[in-house]
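Novice: First the structure, which I've put down as structure tokens, then a few questions once you've had a look.
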Amino acid sequence: LLERVQEEKARLVAEGGLKKQKPLKSIGDDEKLFELPATWEWCRMGNCALSSDAGWSPKCDESPREEDSWGVLKVSAITWGVFRASENKSLPDHLEPRTDCEVLSDDFLISRANTAELVAPSVVVPDDVPRRLMMSDKIVRLRFPAALNPHFLNLVNNSAQSRAYYLRVAGGTSSSMKNVSREQILSLAVPLPPRREQDRIVARVEQLFSLCEELKKKLVDVGRCHIHLSSSLVEGVLVE
């Protein structure tokens, strides 16, 4: 799988559709946090990505864009696996939009600047993303070949192990604003399985998340039932 990714990169470079990338360091033994199955391989996020780019941060209006006007996404648009298109600032009319920064479906976005708790979360942009939304320069976009499942890499990036890595390498003098570089994002150690296993893992996690949401709803319903029951009992006592 990794060989196919490298072959696709080489082909795109030869065709002029991709710049030649700086080689990444091999994974050291100290970065291999656990033993992998025989069909998995440790690699870096940059080994998986075909390309990476950042956005643009012009001076924008504080209010969100209206209708089909252009807007620039704030870092709050990217949370833990959730893309919030409404978190944007309106591009002033006198500025020309940069269409190369427009966010498209299946883009893999990472917010590289935020608080220590929120720096470097990622999200895969959904199919129903509104048009005319641009990345800011605090957002990094990675694009992966079709041979990889971006939702699996999103799970890896948002995992506890990756959080520990980002907290260790993040710069900034204050806990209220930390930042990671694009190079640090591309250097993240990734335990990569075959494509079919990536798909199975993503499907299983989605199933478990759905189950958690269902359980939370049931707990809320039970709590409401307890409140009604308690009220009925109190009313009964008062009547007696």
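Labels used: A, B, ... for chains in the order of the structure tokens, numbers from 1 for residues in each chain, and numbers from 1 for ligands as shown.
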Pick out each residue of region 74-236 of chain A that DSSP on the backbone tags as helix (DSSP H, G or I); I need them as an MDAnalysis selection string.

Specialist: chainID A and resid 75:77 99:101 150:157 160:169 182:186 195:236

Novice: Name the residues in contact with Cys60 (chain A) at a cut-off of 10 Å, using only C-alpha atoms, excluding same-chain residues fewer than 3 positions from it; report them as an NGL selection string.

Specialist: :A and (57 or 63-65 or 71-72 or 88-93 or 95)

Novice: Going by DSSP on the backbone, which residues of region 12-56 of chain A come out as strand (DSSP E)? List them as a ChimeraX atom specification.

Specialist: /A:41-44,51-54

Novice: Write to file, as a PDB file, in the first residue's frame, the residues of the selection just made, with all heavy atoms.

Specialist:
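And here is the file that came out, again_29.pdb:
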ATOM      1  N   GLU A  41       1.952  -1.366   9.115  1.00  0.00           N
ATOM      2  CA  GLU A  41       3.279  -0.763   8.984  1.00  0.00           C
ATOM      3  C   GLU A  41       3.275   0.614   9.636  1.00  0.00           C
ATOM      4  O   GLU A  41       2.322   1.385   9.485  1.00  0.00           O
ATOM      5  CB  GLU A  41       3.655  -0.622   7.506  1.00  0.00           C
ATOM      6  CG  GLU A  41       5.073  -0.139   7.265  1.00  0.00           C
ATOM      7  CD  GLU A  41       6.110  -1.173   7.645  1.00  0.00           C
ATOM      8  OE1 GLU A  41       5.921  -2.352   7.319  1.00  0.00           O
ATOM      9  OE2 GLU A  41       7.109  -0.777   8.285  1.00  0.00           O
ATOM     10  N   TRP A  42       4.342   0.910  10.384  1.00  0.00           N
ATOM     11  CA  TRP A  42       4.513   2.265  10.908  1.00  0.00           C
ATOM     12  C   TRP A  42       4.994   3.171   9.776  1.00  0.00           C
ATOM     13  O   TRP A  42       5.897   2.818   9.018  1.00  0.00           O
ATOM     14  CB  TRP A  42       5.530   2.291  12.037  1.00  0.00           C
ATOM     15  CG  TRP A  42       5.005   1.819  13.357  1.00  0.00           C
ATOM     16  CD1 TRP A  42       5.255   0.620  13.964  1.00  0.00           C
ATOM     17  CD2 TRP A  42       4.133   2.534  14.238  1.00  0.00           C
ATOM     18  NE1 TRP A  42       4.591   0.542  15.171  1.00  0.00           N
ATOM     19  CE2 TRP A  42       3.897   1.694  15.362  1.00  0.00           C
ATOM     20  CE3 TRP A  42       3.520   3.787  14.194  1.00  0.00           C
ATOM     21  CZ2 TRP A  42       3.078   2.095  16.425  1.00  0.00           C
ATOM     22  CZ3 TRP A  42       2.703   4.180  15.253  1.00  0.00           C
ATOM     23  CH2 TRP A  42       2.497   3.340  16.350  1.00  0.00           C
ATOM     24  N   CYS A  43       4.408   4.338   9.660  1.00  0.00           N
ATOM     25  CA  CYS A  43       4.855   5.332   8.687  1.00  0.00           C
ATOM     26  C   CYS A  43       4.542   6.709   9.256  1.00  0.00           C
ATOM     27  O   CYS A  43       4.085   6.822  10.391  1.00  0.00           O
ATOM     28  CB  CYS A  43       4.155   5.125   7.338  1.00  0.00           C
ATOM     29  SG  CYS A  43       2.365   5.402   7.391  1.00  0.00           S
ATOM     30  N   ARG A  44       4.804   7.727   8.494  1.00  0.00           N
ATOM     31  CA  ARG A  44       4.474   9.082   8.927  1.00  0.00           C
ATOM     32  C   ARG A  44       3.279   9.597   8.133  1.00  0.00           C
ATOM     33  O   ARG A  44       2.993   9.115   7.031  1.00  0.00           O
ATOM     34  CB  ARG A  44       5.675  10.007   8.751  1.00  0.00           C
ATOM     35  CG  ARG A  44       6.862   9.596   9.615  1.00  0.00           C
ATOM     36  CD  ARG A  44       7.865  10.722   9.768  1.00  0.00           C
ATOM     37  NE  ARG A  44       9.052  10.255  10.485  1.00  0.00           N
ATOM     38  CZ  ARG A  44       9.143  10.164  11.804  1.00  0.00           C
ATOM     39  NH1 ARG A  44       8.102  10.489  12.553  1.00  0.00           N
ATOM     40  NH2 ARG A  44      10.250   9.737  12.385  1.00  0.00           N
ATOM     41  N   SER A  51      -0.316  15.574  -0.917  1.00  0.00           N
ATOM     42  CA  SER A  51       0.030  16.992  -0.869  1.00  0.00           C
ATOM     43  C   SER A  51      -0.434  17.602   0.441  1.00  0.00           C
ATOM     44  O   SER A  51      -1.271  17.032   1.158  1.00  0.00           O
ATOM     45  CB  SER A  51      -0.603  17.754  -2.043  1.00  0.00           C
ATOM     46  OG  SER A  51      -2.018  17.728  -1.937  1.00  0.00           O
ATOM     47  N   SER A  52       0.097  18.760   0.761  1.00  0.00           N
ATOM     48  CA  SER A  52      -0.323  19.536   1.928  1.00  0.00           C
ATOM     49  C   SER A  52      -0.235  21.011   1.575  1.00  0.00           C
ATOM     50  O   SER A  52       0.665  21.441   0.849  1.00  0.00           O
ATOM     51  CB  SER A  52       0.560  19.224   3.143  1.00  0.00           C
ATOM     52  OG  SER A  52       1.892  19.653   2.916  1.00  0.00           O
ATOM     53  N   ASP A  53      -1.183  21.778   2.074  1.00  0.00           N
ATOM     54  CA  ASP A  53      -1.143  23.217   1.851  1.00  0.00           C
ATOM     55  C   ASP A  53      -1.877  23.913   2.988  1.00  0.00           C
ATOM     56  O   ASP A  53      -2.605  23.277   3.747  1.00  0.00           O
ATOM     57  CB  ASP A  53      -1.739  23.601   0.494  1.00  0.00           C
ATOM     58  CG  ASP A  53      -3.211  23.222   0.353  1.00  0.00           C
ATOM     59  OD1 ASP A  53      -3.616  22.202   0.948  1.00  0.00           O
ATOM     60  OD2 ASP A  53      -3.956  23.923  -0.338  1.00  0.00           O
ATOM     61  N   ALA A  54      -1.655  25.195   3.095  1.00  0.00           N
ATOM     62  CA  ALA A  54      -2.305  26.008   4.124  1.00  0.00           C
ATOM     63  C   ALA A  54      -3.149  27.069   3.450  1.00  0.00           C
ATOM     64  O   ALA A  54      -3.066  27.279   2.229  1.00  0.00           O
ATOM     65  CB  ALA A  54      -1.272  26.634   5.049  1.00  0.00           C
TER      66      ALA A  54
END

Novice: Would you mind telling me which residue in A:Leu167, A:Met177, A:Leu142, A:Val103 lies nearest to Asp127 (chain A) when using only C-alpha atoms?

Specialist: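 Closest residue, counting only C-alpha atoms: A:Val103.
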
Novice: Name all residues at most 9 Å from Ser136 (chain A) (count only C-alpha atoms; drop same-chain ones fewer than 3 positions away) and give them as number ranges by chain.

Specialist: A: 54-58, 72-75, 101, 139-140

Novice: Just write the chosen residues, C-alpha atoms, as a PDB file, in the first residue's frame.

Specialist:
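File written: out-v2.pdb
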ATOM      1  CA  ALA A  54      -2.305  26.008   4.124  1.00  0.00           C
ATOM      2  CA  GLY A  55      -4.884  28.731   3.680  1.00  0.00           C
ATOM      3  CA  TRP A  56      -5.027  32.513   3.702  1.00  0.00           C
ATOM      4  CA  SER A  57      -5.889  34.973   6.465  1.00  0.00           C
ATOM      5  CA  PRO A  58      -6.838  38.378   5.065  1.00  0.00           C
ATOM      6  CA  VAL A  72     -12.708  32.385   5.661  1.00  0.00           C
ATOM      7  CA  LEU A  73     -12.976  29.549   8.149  1.00  0.00           C
ATOM      8  CA  LYS A  74     -11.995  30.118  11.775  1.00  0.00           C
ATOM      9  CA  VAL A  75     -10.056  27.480  13.719  1.00  0.00           C
ATOM     10  CA  CYS A 101      -7.923  27.862  -0.672  1.00  0.00           C
ATOM     11  CA  ILE A 139      -5.571  25.443   8.832  1.00  0.00           C
ATOM     12  CA  VAL A 140      -3.544  22.776   7.039  1.00  0.00           C
TER      13      VAL A 140
END

Novice: In terms of the shortest atom-to-atom distance over only C-alpha atoms, which of A:Leu50, A:Ala38, A:Arg182, A:Pro193 is closest to Arg11 (chain A)?

Specialist: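 Smallest distance to Arg11 (chain A) is found for A:Leu50.
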
Novice: Here is a test: counting only C-alpha atoms, which residue of A:Pro121, A:Pro130, A:Pro37, A:Gly46 is nearest to Glu66 (chain A)?

Specialist: A:Pro130

Novice: Go through A:Leu192, A:Ala147, A:Leu208, A:Ala120 one by one, measure the shortest atom-to-atom distance of each to Ala164 (chain A) using only C-alpha atoms, and give the residue with the smallest value.

Specialist: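 Ranking A:Leu192, A:Ala147, A:Leu208, A:Ala120 by distance to Ala164 (chain A), first place goes to A:Ala120.
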
Novice: Just want the 10 Å neighbourhood of region 28-33 of chain A, counted on only C-alpha atoms, with same-chain residues fewer than 3 positions away dropped. Output as number ranges by chain.

Specialist: A: 25, 36, 42-43, 161, 165, 188-191

Novice: Pick out the closest residue to Ser174 (chain A) from this set: A:Ala116, A:Val13, A:Pro23, A:Leu18. Count only C-alpha atoms.

Specialist: A:Ala116
